[in-house]
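Below is run.cif, holding mmCIF, C-alpha atoms.
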```cif
data_entry
loop_
_atom_site.label_atom_id
_atom_site.label_comp_id
_atom_site.auth_asym_id
_atom_site.auth_seq_id
_atom_site.Cartn_x
_atom_site.Cartn_y
_atom_site.Cartn_z
CA MET A 695 0.00 0.00 0.00
CA LEU A 696 1.29 3.43 -0.96
CA GLN A 697 1.58 5.90 1.91
CA ILE A 698 2.27 9.57 1.35
CA ARG A 699 3.06 12.02 4.12
CA VAL A 700 2.49 15.73 3.58
CA SER A 701 3.39 18.56 5.89
CA THR A 702 1.50 21.58 4.52
CA PRO A 703 -2.01 22.20 3.18
CA ALA A 704 -0.53 23.20 -0.18
CA ALA A 705 1.38 19.91 -0.41
CA ALA A 706 -1.78 17.99 0.54
CA ALA A 707 -3.72 19.74 -2.22
CA LEU A 708 -0.99 18.95 -4.75
CA VAL A 709 -0.98 15.28 -3.71
CA ALA A 710 -4.77 15.16 -4.00
CA VAL A 711 -4.68 16.55 -7.55
CA VAL A 712 -1.91 14.15 -8.57
CA LEU A 713 -3.84 11.19 -7.13
CA LEU A 714 -7.02 12.28 -8.89
CA PHE A 715 -5.30 12.40 -12.26
CA ALA A 716 -3.23 9.26 -11.63
CA THR A 717 -6.18 7.11 -10.58
CA GLY A 718 -9.06 8.69 -12.47
CA GLY A 719 -11.16 8.41 -9.31
CA PRO A 720 -12.25 10.37 -6.29
CA VAL A 721 -9.35 11.55 -4.17
CA SER A 722 -10.98 10.52 -0.89
CA GLU A 723 -11.07 6.87 -1.94
CA VAL A 724 -7.42 6.87 -2.87
CA ALA A 725 -6.00 9.14 -0.20
CA TYR A 726 -8.00 7.92 2.74
CA GLY A 727 -8.84 4.33 1.83
CA THR A 728 -12.57 5.01 2.01
CA SER A 729 -15.28 4.78 -0.55
CA ALA A 730 -18.98 5.34 -0.80
CA PRO A 731 -21.13 2.25 -1.31
CA SER A 732 -21.43 1.37 -4.97
CA ALA A 733 -24.81 1.48 -6.68
CA SER A 734 -24.91 -2.31 -6.74
CA ALA A 735 -24.06 -2.49 -3.02
CA ALA A 736 -26.88 -0.07 -2.22
CA LYS A 737 -29.33 -2.24 -4.15
CA THR A 738 -28.29 -5.34 -2.23
CA ALA A 739 -28.52 -3.74 1.22
CA THR A 740 -30.39 -5.97 3.63
CA HIS A 741 -32.00 -3.36 5.87
CA GLY A 742 -35.29 -1.78 4.95
CA SER A 743 -37.42 -2.02 1.87
CA PRO A 744 -37.16 -0.30 -1.52
CA TYR A 745 -38.44 3.26 -1.30
CA VAL A 746 -38.31 6.45 -3.32
CA ALA A 747 -37.21 9.66 -1.62
CA THR A 748 -38.71 12.62 -3.45
CA HIS A 749 -37.18 15.99 -2.64
CA LEU A 750 -39.07 19.13 -3.62
CA TYR A 751 -37.35 22.52 -3.55
CA PHE A 752 -39.69 25.45 -2.86
CA GLY A 753 -38.45 28.99 -3.32
CA THR A 754 -40.07 31.89 -1.50
CA GLY A 755 -39.06 34.86 -3.65
CA ARG A 756 -41.76 36.34 -5.85
CA HIS A 757 -41.55 38.56 -8.90
CA ASN A 758 -42.91 42.02 -9.67
CA GLY A 759 -42.09 43.48 -6.27
CA GLN A 760 -44.38 41.14 -4.34
CA PRO A 761 -43.20 40.21 -0.83
CA PRO A 762 -41.61 36.81 -0.26
CA ILE A 763 -43.80 33.88 0.76
CA THR A 764 -43.89 33.84 4.56
CA ASP A 765 -43.30 30.86 6.84
CA GLU A 766 -47.00 30.99 7.76
CA GLU A 767 -48.08 30.90 4.10
CA PHE A 768 -45.75 28.01 3.35
CA MET A 769 -46.83 25.98 6.39
CA LYS A 770 -50.51 26.55 5.49
CA PHE A 771 -49.74 25.22 2.00
CA VAL A 772 -48.10 22.17 3.62
CA ALA A 773 -51.10 21.60 5.90
CA ASP A 774 -53.77 22.16 3.25
CA VAL A 775 -52.15 20.64 0.15
CA ILE A 776 -49.21 18.38 0.96
CA THR A 777 -50.19 16.65 4.20
CA PRO A 778 -53.49 15.27 2.83
CA ARG A 779 -51.53 13.65 -0.02
CA PHE A 780 -48.73 12.33 2.21
CA PRO A 781 -50.30 11.75 5.63
CA ALA A 782 -47.76 9.04 6.57
CA GLY A 783 -45.08 11.67 7.07
CA LEU A 784 -42.73 14.19 5.53
CA THR A 785 -39.71 16.26 6.43
CA ILE A 786 -39.23 19.98 5.84
CA GLN A 787 -35.90 21.75 6.05
CA ALA A 788 -35.45 25.49 5.79
CA GLY A 789 -32.60 26.64 3.59
CA ARG A 790 -31.10 29.31 1.42
CA GLY A 791 -31.08 28.71 -2.29
CA GLN A 792 -30.25 30.28 -5.58
CA TRP A 793 -31.23 29.56 -9.15
CA ARG A 794 -31.24 31.18 -12.57
CA ASP A 795 -34.69 32.29 -13.75
CA LYS A 796 -35.98 32.32 -17.32
CA THR A 797 -34.58 35.83 -17.88
CA GLY A 798 -31.10 34.69 -16.86
CA SER A 799 -31.06 36.49 -13.51
CA ILE A 800 -29.58 34.72 -10.48
CA ASN A 801 -32.11 34.74 -7.64
CA ARG A 802 -31.10 34.16 -4.03
CA GLU A 803 -33.90 33.40 -1.60
CA ASN A 804 -35.03 31.57 1.46
CA SER A 805 -36.27 28.15 0.50
CA TYR A 806 -37.65 24.88 1.81
CA GLU A 807 -36.68 21.33 0.97
CA LEU A 808 -39.52 18.89 1.44
CA THR A 809 -38.77 15.16 1.51
CA VAL A 810 -41.38 12.43 1.25
CA LEU A 811 -40.58 8.71 1.32
CA TYR A 812 -42.88 6.10 -0.15
CA PRO A 813 -42.53 2.48 -1.24
CA SER A 814 -41.08 2.13 -4.74
CA ARG A 815 -44.14 0.14 -5.84
CA GLU A 816 -46.26 3.26 -5.16
CA ALA A 817 -44.17 5.64 -7.32
CA ARG A 818 -46.70 5.81 -10.17
CA THR A 819 -49.51 6.38 -7.70
CA HIS A 820 -47.73 9.32 -6.04
CA ASP A 821 -46.41 10.98 -9.20
CA PRO A 822 -49.69 12.84 -9.97
CA ASP A 823 -49.84 14.10 -6.37
CA ILE A 824 -46.28 15.41 -6.53
CA GLU A 825 -46.90 17.15 -9.84
CA TYR A 826 -50.14 18.64 -8.50
CA ILE A 827 -48.23 20.06 -5.51
CA ARG A 828 -45.54 21.56 -7.76
CA ASN A 829 -48.02 23.10 -10.19
CA LEU A 830 -50.33 24.48 -7.49
CA TYR A 831 -47.45 26.12 -5.59
CA CYS A 832 -46.27 27.81 -8.80
CA SER A 833 -49.73 29.02 -9.79
CA THR A 834 -50.66 30.12 -6.25
CA TYR A 835 -47.54 32.22 -5.77
CA GLY A 836 -46.69 33.16 -9.36
CA LEU A 837 -43.43 31.22 -9.48
CA GLU A 838 -41.64 29.56 -12.40
CA SER A 839 -40.92 26.17 -10.85
CA VAL A 840 -40.53 23.87 -7.89
CA GLY A 841 -37.45 21.67 -8.21
CA ARG A 842 -37.86 17.90 -7.94
CA SER A 843 -35.38 15.11 -7.30
CA ASP A 844 -36.30 11.42 -6.98
CA VAL A 845 -33.77 9.07 -5.38
CA ASP A 846 -33.94 5.31 -4.91
CA ALA A 847 -33.57 4.51 -1.22
CA ARG A 848 -34.01 1.77 1.35
CA ALA A 849 -36.07 2.67 4.38
CA ASP A 850 -37.32 1.02 7.55
CA PHE A 851 -39.65 2.59 10.08
#
```
This structure in structure tokens:
Amino acid sequence: MLQIRVSTPAAAALVAVVLLFATGGPVSEVAYGTSAPSASAAKTATHGSPYVATHLYFGTGRHNGQPPITDEEFMKFVADVITPRFPAGLTIQAGRGQWRDKTGSINRENSYELTVLYPSREARTHDPDIEYIRNLYCSTYGLESVGRSDVDARADF
């Protein structure tokens, strides 16, 4: 096993770059002997059942000089629209986000990330609900989009 000792942050950065180019892989795997589970390893995990984790990204900035969407407005939207469609549970995280709008402007705003987990076999059933939520939020508050990310997961409750 190759061991490299470095004494300065600059030397460590140089070693990391050299290892990246030499191995063609992530530096952390090479330099520290660690690696993230492979996709095939994740699929063969023994704990939990196959789920989908859908992440929705809600911005709060509005156009045309309108005030941002308040916490109270967002939480009412969650209670009235999202919770009835996902009564088993959800997670909301407050954040700060930025994105480029259709005019090319970079917008920075407070945001929320909503995560819902559901069994993989129910993905087609939940897709219309998720799209309804995204479209209603945009039309209610005059926004361009709500970001969506779907990730295969294993979950156990």
Quick one, how far is CA of Arg794 in chain A from CA of Ile776 in chain A?
25.9 Å
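The space separating CA of Gly791 in chain A from CA of Pro778 in chain A comes to 26.6 Å.
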Nearest candidate to Leu750 in chain A (options A:Thr785, A:Gln792, A:Asn801, A:Ser814; using all atoms listed in the file)
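Distance minimum relative to Leu750 in chain A lands on A:Thr785.
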Given the file shown, determine the residues that the PyMOL selection byres ((chain A and resi 841) around 12) selects; report them as a list in words.
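This file gives the following for the PyMOL selection byres ((chain A and resi 841) around 12): Thr748, His749, Leu750, Tyr751, Phe752, Gly753, Gly791, Gln792, Trp793, Ser805, Tyr806, Glu807, Leu808, Thr809, Ile824, Glu825, Ile827, Arg828, Asn829, Tyr831, Cys832, Leu837, Glu838, Ser839, Val840, Arg842, Ser843 and Asp844 of chain A.
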Please indicate the distance in Å from CA of Thr797 in chain A to CA of Pro761 in chain A, rounded to one decimal place.
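Spanning CA of Thr797 in chain A to CA of Pro761 in chain A is a straight-line distance of 19.6 Å.
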Nearby residues (only C-alpha atoms) at most 9 Å from Pro762 in chain A, same-chain spacing under 4 positions excluded, as a CSV table (one decimal) with C-alpha atoms, keeping the file's coordinate frame:
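Result file result_29.csv:
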```csv
chain,number,residue,atom,x,y,z
A,753,GLY,CA,-38.4,29.0,-3.3
A,754,THR,CA,-40.1,31.9,-1.5
A,755,GLY,CA,-39.1,34.9,-3.6
A,756,ARG,CA,-41.8,36.3,-5.8
A,757,HIS,CA,-41.6,38.6,-8.9
A,803,GLU,CA,-33.9,33.4,-1.6
A,804,ASN,CA,-35.0,31.6,1.5
```
Expected answer as a list in words: all residues with atoms within 12 Å of (-41.2, -1.1, 7.4), all atoms listed in the file
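The requested residues, written out, are His741, Gly742, Ser743, Pro744, Tyr745, Leu811, Tyr812, Pro813, Arg848, Ala849, Asp850 and Phe851 of chain A.
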Residue with smallest distance to Gly783 in chain A - pool A:Tyr835, A:Asp765, A:Thr740, A:Ala747, counting only C-alpha atoms
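Closest to Gly783 in chain A, using only C-alpha atoms: A:Ala747.
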Let me make sure I understand: among A:Lys770, A:Arg790, A:Arg802, A:Arg779, which one has the smallest atom-to-atom distance to His820 in chain A if we use only C-alpha atoms?
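Closest to His820 in chain A, using only C-alpha atoms: A:Arg779.
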Shortest contact to Arg815 in chain A, candidates A:Val775, A:Asp846, A:Glu766, A:Ser799, atoms counted only C-alpha atoms, goes to A:Asp846
